[in-house]
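Enquirer: The structure follows.
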Amino acid sequence: MGTPPENLRYSEDHEWVRLEGDIATIGITDYAQEQLTDIVFVELPDVGSNVNAGDGVAVLESVKSVADVYCPFNGEITEVNESLESHPEKVNEDAFGEGWIFKIKAREPNLSKLMDAAAYVKFTEEAGD
Amino acid sequence: MKKLPLHDWHQAHAANMAEFAGYAMAMYYSKPIAEHHKVRREAGVFDISHMGQFLVDGQQAEAFLQYALTNDLSGMGEGQARYSAMCRRDGGVLDDVIVYRYGATRYRMIVNGATREKDLAWLRQLAQPFSVTVEDLSADYCLFALQGPQAFAMLAPHFAQPPGTLRYYHFAQTKAMGRPVFVARTGYTGEPGCEIAVALDDAPAIWDALTGQMGFAPIGLAARDTLRLEACMSLYGHELREEWNPLESGLAWAVKLDKTEMLAASGDFVGKEALKAVKARGTSHASVALELRGRGIPRAGYPVLGPAEGDPRWERGKETAGGEPAGICTSGTLSPTTGKAIALARVRREMAKVGTALAVEIRGKPVAAEVVAKPFYKNPALRA
């Protein structure tokens, strides 16, 4: 399993967040894609839509299951990874890179509720599998 | 959660385990889609020991099963198998089963894992007036499915009677690796193959040989589900339920309302009166195959609307003249073989015709779908 990069923050729902200025890029972790298995469909949010922290804004589907991707901050969707519509497997292959899902312009982003890499690794180990 | 006899092997080799039919079972060992393709292109082995196995034994075994099941078992030869529904008196489907005829006084029966205890109690209660016993063999045997275009060739050198010599829906008692094996040419994938029952003591050695020297890849329940769905085979609890009758659930072919042989002593078969009435007034629903025309994946439980949005007749909430929903998806996935989003759905009869434009409601939005011919996938070698 790919090690969670040090420069990202992590949610308990297994999203990763990279905050650059007020723009946050969000994806799911390698642990999450392994749990989901073969991702065959991605539903992306509309660019320009306003979202709230905790909203399910994207949907990932494997052959077996459907999973929401939650937004960690309030803000506006500025960009989505449209290539996932034709290549959803990118989320499996490169969860922390090419498999990013959407970006938002965050209002008052609060990183304190998110874990750092070490805490996230501990979190997934405790979750077990 | 209960454990299968070979639990430790699965625990050591599976990438993911989950509960099914009360057992801890392997969902996949590598990846679901890779396992799906392995079975379509080569072969794989499934441990399906969660399924129930009964022995129906006694002077009136044939008459009893004619009474308990909807299909007609008359005319079955020794060594022949037959699929059937088993219904309540009101016609609701209790289970779908396969019976294997050793002779007029002895049949094996394989039932679903989740329904095993319910079935056993039901059958024993029905059996009271008959000279017959229903024995539960489930704990004494393991059940493995060998499926795929290469399966018979891979098995042949190791079986006294190669499974590929059996005709479709026939079985034999033979030996593999010097051990007694019950082999039936049946399956749940749409591919040629067989299902074998082996005694508990012999199971580890046989499983090791299948996954070792014979070269079968172990396949989990995730691929088993996508394989059977492409082949349009029903899954109990999804396409088949106690609240639904077999005539409206895609099993009309396994209901023989005119069967009479061996029924003289007991009267009609269980559910016949109710099913006759359904047929007389006309079925209201049917089980159909759907392909999505828009983006998305249909899933079990998603509403079916109809006709599709854009069609002038379409209006949410008034999908049919009577105001009833058009139907419901009973199973759905992205077909690994065709790359299309597919579903089995229970819909109102007037919307069941192939070519009908419907919609599936996915997360509140209608997505165009079309009724297509069953099955989604067919291997001509299945019955050859």
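Every chain in the structure tokens has a letter given in the order shown (A, B, ...), and although residue numbers restart at 1 in each chain, ligands are simply numbered from 1 in the order shown.
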Could you please tell me, as a ChimeraX atom specification, which residues of chain B have an atom within 12 Å of chain A when using only C-alpha atoms?
Expert: /B:11,14-18,27-36,220-227,229,295-300,331-337,339-342,362-363
Enquirer: Can you write out as a tab-separated table which residues of range 42-91 of chain A fall within 10 Å of range 101-122 of chain A, alongside each residue's closest atom pair and its distance in Å to one decimal, counting only C-alpha atoms and ordering rows by chain and ascending residue number?
Expert:
```
residue	atom	partner	partner_atom	distance
A:Val42	CA	A:Ile101	CA	8.9
A:Glu43	CA	A:Ile101	CA	9.6
A:Leu44	CA	A:Ile101	CA	7.5
A:Pro45	CA	A:Phe102	CA	7.9
A:Asp46	CA	A:Phe102	CA	9.8
A:Val47	CA	A:Ile104	CA	9.0
A:Gly48	CA	A:Ile104	CA	9.1
A:Ser49	CA	A:Ile104	CA	9.5
A:Asn50	CA	A:Ile104	CA	9.0
A:Val51	CA	A:Ile104	CA	8.8
A:Asn52	CA	A:Arg107	CA	9.6
A:Ala53	CA	A:Pro109	CA	9.4
A:Val57	CA	A:Phe102	CA	9.1
A:Ala58	CA	A:Ile101	CA	7.9
A:Val59	CA	A:Ile101	CA	9.8
A:Leu60	CA	A:Ile101	CA	9.8
A:Val69	CA	A:Ile101	CA	8.8
A:Cys71	CA	A:Ile104	CA	8.8
A:Pro72	CA	A:Pro109	CA	8.2
A:Phe73	CA	A:Pro109	CA	5.8
A:Asn74	CA	A:Arg107	CA	5.6
A:Gly75	CA	A:Ala106	CA	4.4
A:Glu76	CA	A:Ile104	CA	5.2
A:Ile77	CA	A:Ile104	CA	4.3
A:Thr78	CA	A:Ile104	CA	5.2
A:Glu79	CA	A:Lys103	CA	5.1
A:Val80	CA	A:Phe102	CA	4.2
A:Asn81	CA	A:Ile101	CA	5.3
A:Glu82	CA	A:Ile101	CA	8.4
A:Ser83	CA	A:Ile101	CA	9.5
A:Leu84	CA	A:Ile101	CA	7.8
A:Val91	CA	A:Ile101	CA	8.3
```
Enquirer: Give me a file of those residues, with N, CA, C and O atoms, as a CSV table (one decimal), in the first residue's frame.
Expert:
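Final output, saved to selection_7.csv:
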```
chain,number,residue,atom,x,y,z
A,42,VAL,N,-17.0,7.3,-11.7
A,42,VAL,CA,-16.8,8.5,-10.8
A,42,VAL,C,-17.8,9.6,-11.2
A,42,VAL,O,-18.0,9.9,-12.4
A,43,GLU,N,-18.5,10.1,-10.2
A,43,GLU,CA,-19.5,11.2,-10.4
A,43,GLU,C,-18.9,12.4,-9.8
A,43,GLU,O,-18.6,12.4,-8.6
A,44,LEU,N,-18.6,13.4,-10.6
A,44,LEU,CA,-17.9,14.6,-10.1
A,44,LEU,C,-18.9,15.8,-9.8
A,44,LEU,O,-20.0,15.8,-10.5
A,45,PRO,N,-18.6,16.7,-8.9
A,45,PRO,CA,-19.5,17.8,-8.7
A,45,PRO,C,-19.4,18.8,-9.8
A,45,PRO,O,-18.5,18.8,-10.7
A,46,ASP,N,-20.3,19.8,-9.9
A,46,ASP,CA,-20.3,20.8,-10.9
A,46,ASP,C,-19.3,21.9,-10.4
A,46,ASP,O,-19.4,22.4,-9.3
A,47,VAL,N,-18.5,22.4,-11.4
A,47,VAL,CA,-17.6,23.5,-11.1
A,47,VAL,C,-18.4,24.7,-10.8
A,47,VAL,O,-19.4,25.0,-11.5
A,48,GLY,N,-18.1,25.4,-9.8
A,48,GLY,CA,-18.9,26.6,-9.4
A,48,GLY,C,-19.9,26.4,-8.3
A,48,GLY,O,-20.5,27.4,-7.8
A,49,SER,N,-20.1,25.1,-8.0
A,49,SER,CA,-21.2,24.9,-7.0
A,49,SER,C,-20.6,25.1,-5.6
A,49,SER,O,-19.4,25.0,-5.4
A,50,ASN,N,-21.4,25.6,-4.7
A,50,ASN,CA,-21.0,25.9,-3.3
A,50,ASN,C,-21.3,24.7,-2.5
A,50,ASN,O,-22.4,24.1,-2.6
A,51,VAL,N,-20.3,24.3,-1.7
A,51,VAL,CA,-20.5,23.1,-0.9
A,51,VAL,C,-20.1,23.4,0.6
A,51,VAL,O,-19.4,24.4,0.9
A,52,ASN,N,-20.6,22.6,1.5
A,52,ASN,CA,-20.4,22.8,2.9
A,52,ASN,C,-19.5,21.6,3.4
A,52,ASN,O,-19.6,20.5,2.9
A,53,ALA,N,-18.7,21.9,4.4
A,53,ALA,CA,-17.9,20.9,5.1
A,53,ALA,C,-18.8,19.7,5.5
A,53,ALA,O,-19.9,19.9,6.1
A,57,VAL,N,-19.7,15.2,-2.0
A,57,VAL,CA,-19.7,16.0,-3.2
A,57,VAL,C,-19.4,15.2,-4.5
A,57,VAL,O,-19.6,15.6,-5.6
A,58,ALA,N,-18.7,14.1,-4.3
A,58,ALA,CA,-18.4,13.2,-5.4
A,58,ALA,C,-18.8,11.8,-5.0
A,58,ALA,O,-18.9,11.5,-3.8
A,59,VAL,N,-18.9,10.9,-6.0
A,59,VAL,CA,-19.3,9.5,-5.8
A,59,VAL,C,-18.3,8.6,-6.5
A,59,VAL,O,-18.0,8.9,-7.7
A,60,LEU,N,-17.8,7.6,-5.8
A,60,LEU,CA,-16.9,6.6,-6.4
A,60,LEU,C,-17.7,5.3,-6.4
A,60,LEU,O,-18.2,4.9,-5.3
A,69,VAL,N,-17.5,10.8,-1.5
A,69,VAL,CA,-16.3,11.6,-1.2
A,69,VAL,C,-16.8,12.8,-0.5
A,69,VAL,O,-17.6,13.6,-1.1
A,71,CYS,N,-16.5,16.6,1.4
A,71,CYS,CA,-15.7,17.8,1.4
A,71,CYS,C,-15.3,18.2,2.8
A,71,CYS,O,-16.2,18.3,3.7
A,72,PRO,N,-14.1,18.5,3.1
A,72,PRO,CA,-13.7,18.8,4.4
A,72,PRO,C,-13.9,20.3,4.8
A,72,PRO,O,-13.9,20.7,6.0
A,73,PHE,N,-14.1,21.2,3.8
A,73,PHE,CA,-14.3,22.6,4.1
A,73,PHE,C,-15.5,23.2,3.4
A,73,PHE,O,-16.0,22.6,2.4
A,74,ASN,N,-16.0,24.3,3.9
A,74,ASN,CA,-16.9,25.1,3.1
A,74,ASN,C,-16.2,25.8,2.0
A,74,ASN,O,-15.0,26.2,2.1
A,75,GLY,N,-16.9,26.0,0.8
A,75,GLY,CA,-16.2,26.7,-0.3
A,75,GLY,C,-16.9,26.4,-1.6
A,75,GLY,O,-18.1,26.0,-1.6
A,76,GLU,N,-16.2,26.8,-2.6
A,76,GLU,CA,-16.7,26.7,-4.0
A,76,GLU,C,-15.8,25.8,-4.8
A,76,GLU,O,-14.6,25.9,-4.8
A,77,ILE,N,-16.5,24.9,-5.5
A,77,ILE,CA,-15.7,23.9,-6.4
A,77,ILE,C,-15.1,24.7,-7.5
A,77,ILE,O,-15.8,25.4,-8.3
A,78,THR,N,-13.8,24.6,-7.7
A,78,THR,CA,-13.1,25.4,-8.8
A,78,THR,C,-12.6,24.5,-9.9
A,78,THR,O,-12.4,25.0,-11.0
A,79,GLU,N,-12.5,23.3,-9.7
A,79,GLU,CA,-11.9,22.4,-10.7
A,79,GLU,C,-12.3,20.9,-10.3
A,79,GLU,O,-12.3,20.6,-9.2
A,80,VAL,N,-12.5,20.1,-11.4
A,80,VAL,CA,-12.7,18.7,-11.1
A,80,VAL,C,-11.8,17.9,-12.1
A,80,VAL,O,-11.4,18.4,-13.1
A,81,ASN,N,-11.4,16.7,-11.7
A,81,ASN,CA,-10.6,15.9,-12.5
A,81,ASN,C,-11.4,15.1,-13.5
A,81,ASN,O,-11.8,14.0,-13.3
A,82,GLU,N,-11.7,15.8,-14.6
A,82,GLU,CA,-12.6,15.2,-15.6
A,82,GLU,C,-12.1,13.9,-16.3
A,82,GLU,O,-12.8,13.1,-16.8
A,83,SER,N,-10.7,13.8,-16.2
A,83,SER,CA,-10.2,12.6,-16.8
A,83,SER,C,-10.6,11.3,-16.1
A,83,SER,O,-10.6,10.2,-16.7
A,84,LEU,N,-11.1,11.5,-14.9
A,84,LEU,CA,-11.6,10.3,-14.2
A,84,LEU,C,-12.9,9.7,-14.8
A,84,LEU,O,-13.2,8.6,-14.6
A,91,VAL,N,-7.9,6.4,-10.0
A,91,VAL,CA,-8.0,6.5,-8.5
A,91,VAL,C,-7.3,5.3,-7.8
A,91,VAL,O,-6.6,5.4,-6.8
```
Enquirer: Considering only C-alpha atoms, return as a list in words whatever protein or nucleic-acid residues lie within 10 Å of Ala24 in chain B, sequence-local ones (same chain, fewer than 2 positions apart) excluded.
Expert: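 Near neighbours after the sequence-gap exclusion: Met1, Lys2, Lys3, Leu4, His7, His10, Gln11, Met17, Ala18, Glu19, Phe20, Ala21, Gly22, Ala26, Met27 and His50 of chain B.
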Enquirer: Deliver the residues from the most recent selection as a file, using all heavy atoms, as a short mmCIF file (atom, residue, chain, number, x, y, z; two decimals), in the first residue's frame.
Expert:
```
data_model
loop_
_atom_site.label_atom_id
_atom_site.label_comp_id
_atom_site.auth_asym_id
_atom_site.auth_seq_id
_atom_site.Cartn_x
_atom_site.Cartn_y
_atom_site.Cartn_z
N MET B 1 -20.13 -14.77 13.52
CA MET B 1 -20.08 -15.21 12.12
C MET B 1 -19.53 -16.64 12.03
O MET B 1 -18.53 -16.95 12.65
CB MET B 1 -19.17 -14.26 11.33
CG MET B 1 -19.71 -13.94 9.95
SD MET B 1 -18.58 -12.93 8.97
CE MET B 1 -18.13 -11.60 10.08
N LYS B 2 -20.18 -17.47 11.24
CA LYS B 2 -19.72 -18.86 11.10
C LYS B 2 -18.52 -18.93 10.16
O LYS B 2 -18.31 -18.05 9.33
CB LYS B 2 -20.86 -19.73 10.54
CG LYS B 2 -22.01 -19.92 11.53
CD LYS B 2 -23.07 -20.84 10.98
CE LYS B 2 -23.96 -20.12 9.99
NZ LYS B 2 -25.07 -20.94 9.49
N LYS B 3 -17.75 -20.00 10.30
CA LYS B 3 -16.58 -20.19 9.45
C LYS B 3 -16.77 -21.40 8.55
O LYS B 3 -17.28 -22.44 8.99
CB LYS B 3 -15.34 -20.42 10.33
CG LYS B 3 -14.91 -19.18 11.10
CD LYS B 3 -13.73 -19.49 12.00
CE LYS B 3 -13.30 -18.22 12.74
NZ LYS B 3 -12.19 -18.49 13.66
N LEU B 4 -16.34 -21.26 7.31
CA LEU B 4 -16.36 -22.41 6.40
C LEU B 4 -15.27 -23.39 6.83
O LEU B 4 -14.31 -23.01 7.50
CB LEU B 4 -16.07 -21.95 4.96
CG LEU B 4 -17.09 -21.02 4.32
CD1 LEU B 4 -16.65 -20.65 2.91
CD2 LEU B 4 -18.47 -21.67 4.27
N HIS B 7 -11.85 -22.17 6.17
CA HIS B 7 -11.73 -20.76 6.57
C HIS B 7 -10.28 -20.28 6.65
O HIS B 7 -9.95 -19.20 6.17
CB HIS B 7 -12.41 -20.54 7.92
CG HIS B 7 -12.26 -19.14 8.44
ND1 HIS B 7 -13.08 -18.12 8.03
CD2 HIS B 7 -11.37 -18.59 9.29
CE1 HIS B 7 -12.71 -17.00 8.62
NE2 HIS B 7 -11.67 -17.26 9.39
N HIS B 10 -8.79 -19.45 3.30
CA HIS B 10 -9.33 -18.21 2.73
C HIS B 10 -8.79 -16.99 3.48
O HIS B 10 -8.41 -15.99 2.88
CB HIS B 10 -10.85 -18.22 2.77
CG HIS B 10 -11.44 -19.35 1.98
ND1 HIS B 10 -11.17 -19.54 0.65
CD2 HIS B 10 -12.25 -20.37 2.34
CE1 HIS B 10 -11.80 -20.62 0.22
NE2 HIS B 10 -12.46 -21.14 1.23
N GLN B 11 -8.74 -17.10 4.79
CA GLN B 11 -8.23 -16.00 5.60
C GLN B 11 -6.79 -15.66 5.20
O GLN B 11 -6.41 -14.49 5.12
CB GLN B 11 -8.29 -16.41 7.09
CG GLN B 11 -7.90 -15.31 8.06
CD GLN B 11 -8.98 -14.24 8.19
OE1 GLN B 11 -10.16 -14.56 8.35
NE2 GLN B 11 -8.60 -12.99 8.09
N MET B 17 -12.40 -10.15 3.14
CA MET B 17 -13.42 -11.09 3.59
C MET B 17 -14.61 -10.28 4.10
O MET B 17 -14.45 -9.18 4.62
CB MET B 17 -12.91 -11.95 4.76
CG MET B 17 -11.59 -12.67 4.51
SD MET B 17 -11.73 -14.35 3.91
CE MET B 17 -12.62 -15.20 5.19
N ALA B 18 -15.80 -10.85 3.95
CA ALA B 18 -16.99 -10.19 4.49
C ALA B 18 -18.03 -11.25 4.80
O ALA B 18 -17.90 -12.41 4.39
CB ALA B 18 -17.54 -9.17 3.49
N GLU B 19 -19.07 -10.84 5.48
CA GLU B 19 -20.12 -11.78 5.85
C GLU B 19 -21.07 -12.00 4.69
O GLU B 19 -21.48 -11.08 4.01
CB GLU B 19 -20.90 -11.21 7.06
CG GLU B 19 -21.92 -12.15 7.67
CD GLU B 19 -23.30 -12.06 7.03
OE1 GLU B 19 -23.59 -11.04 6.38
OE2 GLU B 19 -24.06 -13.03 7.16
N PHE B 20 -21.40 -13.26 4.43
CA PHE B 20 -22.45 -13.61 3.47
C PHE B 20 -23.12 -14.88 3.95
O PHE B 20 -22.45 -15.85 4.30
CB PHE B 20 -21.87 -13.81 2.06
CG PHE B 20 -22.93 -14.10 1.02
CD1 PHE B 20 -23.69 -13.08 0.48
CD2 PHE B 20 -23.19 -15.41 0.62
CE1 PHE B 20 -24.69 -13.35 -0.45
CE2 PHE B 20 -24.19 -15.68 -0.31
CZ PHE B 20 -24.93 -14.65 -0.85
N ALA B 21 -24.45 -14.86 3.99
CA ALA B 21 -25.24 -16.01 4.43
C ALA B 21 -24.79 -16.50 5.81
O ALA B 21 -24.85 -17.69 6.11
CB ALA B 21 -25.17 -17.15 3.41
N GLY B 22 -24.31 -15.56 6.63
CA GLY B 22 -23.92 -15.91 7.99
C GLY B 22 -22.48 -16.39 8.12
O GLY B 22 -22.02 -16.66 9.22
N ALA B 26 -14.69 -15.08 1.40
CA ALA B 26 -13.75 -14.27 0.62
C ALA B 26 -14.53 -13.48 -0.43
O ALA B 26 -15.25 -14.05 -1.24
CB ALA B 26 -12.72 -15.17 -0.06
N MET B 27 -14.40 -12.15 -0.39
CA MET B 27 -15.01 -11.32 -1.43
C MET B 27 -14.12 -11.35 -2.68
O MET B 27 -14.60 -11.40 -3.79
CB MET B 27 -15.18 -9.88 -0.95
CG MET B 27 -16.25 -9.71 0.10
SD MET B 27 -17.90 -10.10 -0.55
CE MET B 27 -18.38 -11.42 0.55
N HIS B 50 -20.90 -22.68 1.79
CA HIS B 50 -21.98 -22.08 2.60
C HIS B 50 -23.34 -22.57 2.15
O HIS B 50 -24.32 -22.43 2.87
CB HIS B 50 -21.93 -20.55 2.47
CG HIS B 50 -22.22 -20.07 1.08
ND1 HIS B 50 -21.39 -20.34 0.01
CD2 HIS B 50 -23.26 -19.37 0.56
CE1 HIS B 50 -21.91 -19.80 -1.09
NE2 HIS B 50 -23.04 -19.21 -0.78
#
```
Enquirer: Smallest atom-to-atom distance to Thr29 in chain A: which of A:Glu15, A:Glu93, A:Glu98, A:Asp55, using only C-alpha atoms?
Expert: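 Closest candidate: A:Glu15.
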Enquirer: I'd like the interatomic distance between CA of Gly52 in chain B and CA of Gly178 in chain B, to a tenth of an Å.
Expert: 25.1 Å
Enquirer: Would you mind writing down, as a list in words, each residue of range 51-122 of chain A that DSSP on the backbone assigns to alpha helix (DSSP H)?
Expert: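 After running DSSP on the backbone, range 51-122 of chain A has alpha helix (DSSP H) at Ser83, Leu84, Glu85, Ser86, Lys90, Val91, Asn92, Glu93, Ala117, Ala118, Ala119, Tyr120, Val121 and Lys122 of chain A.
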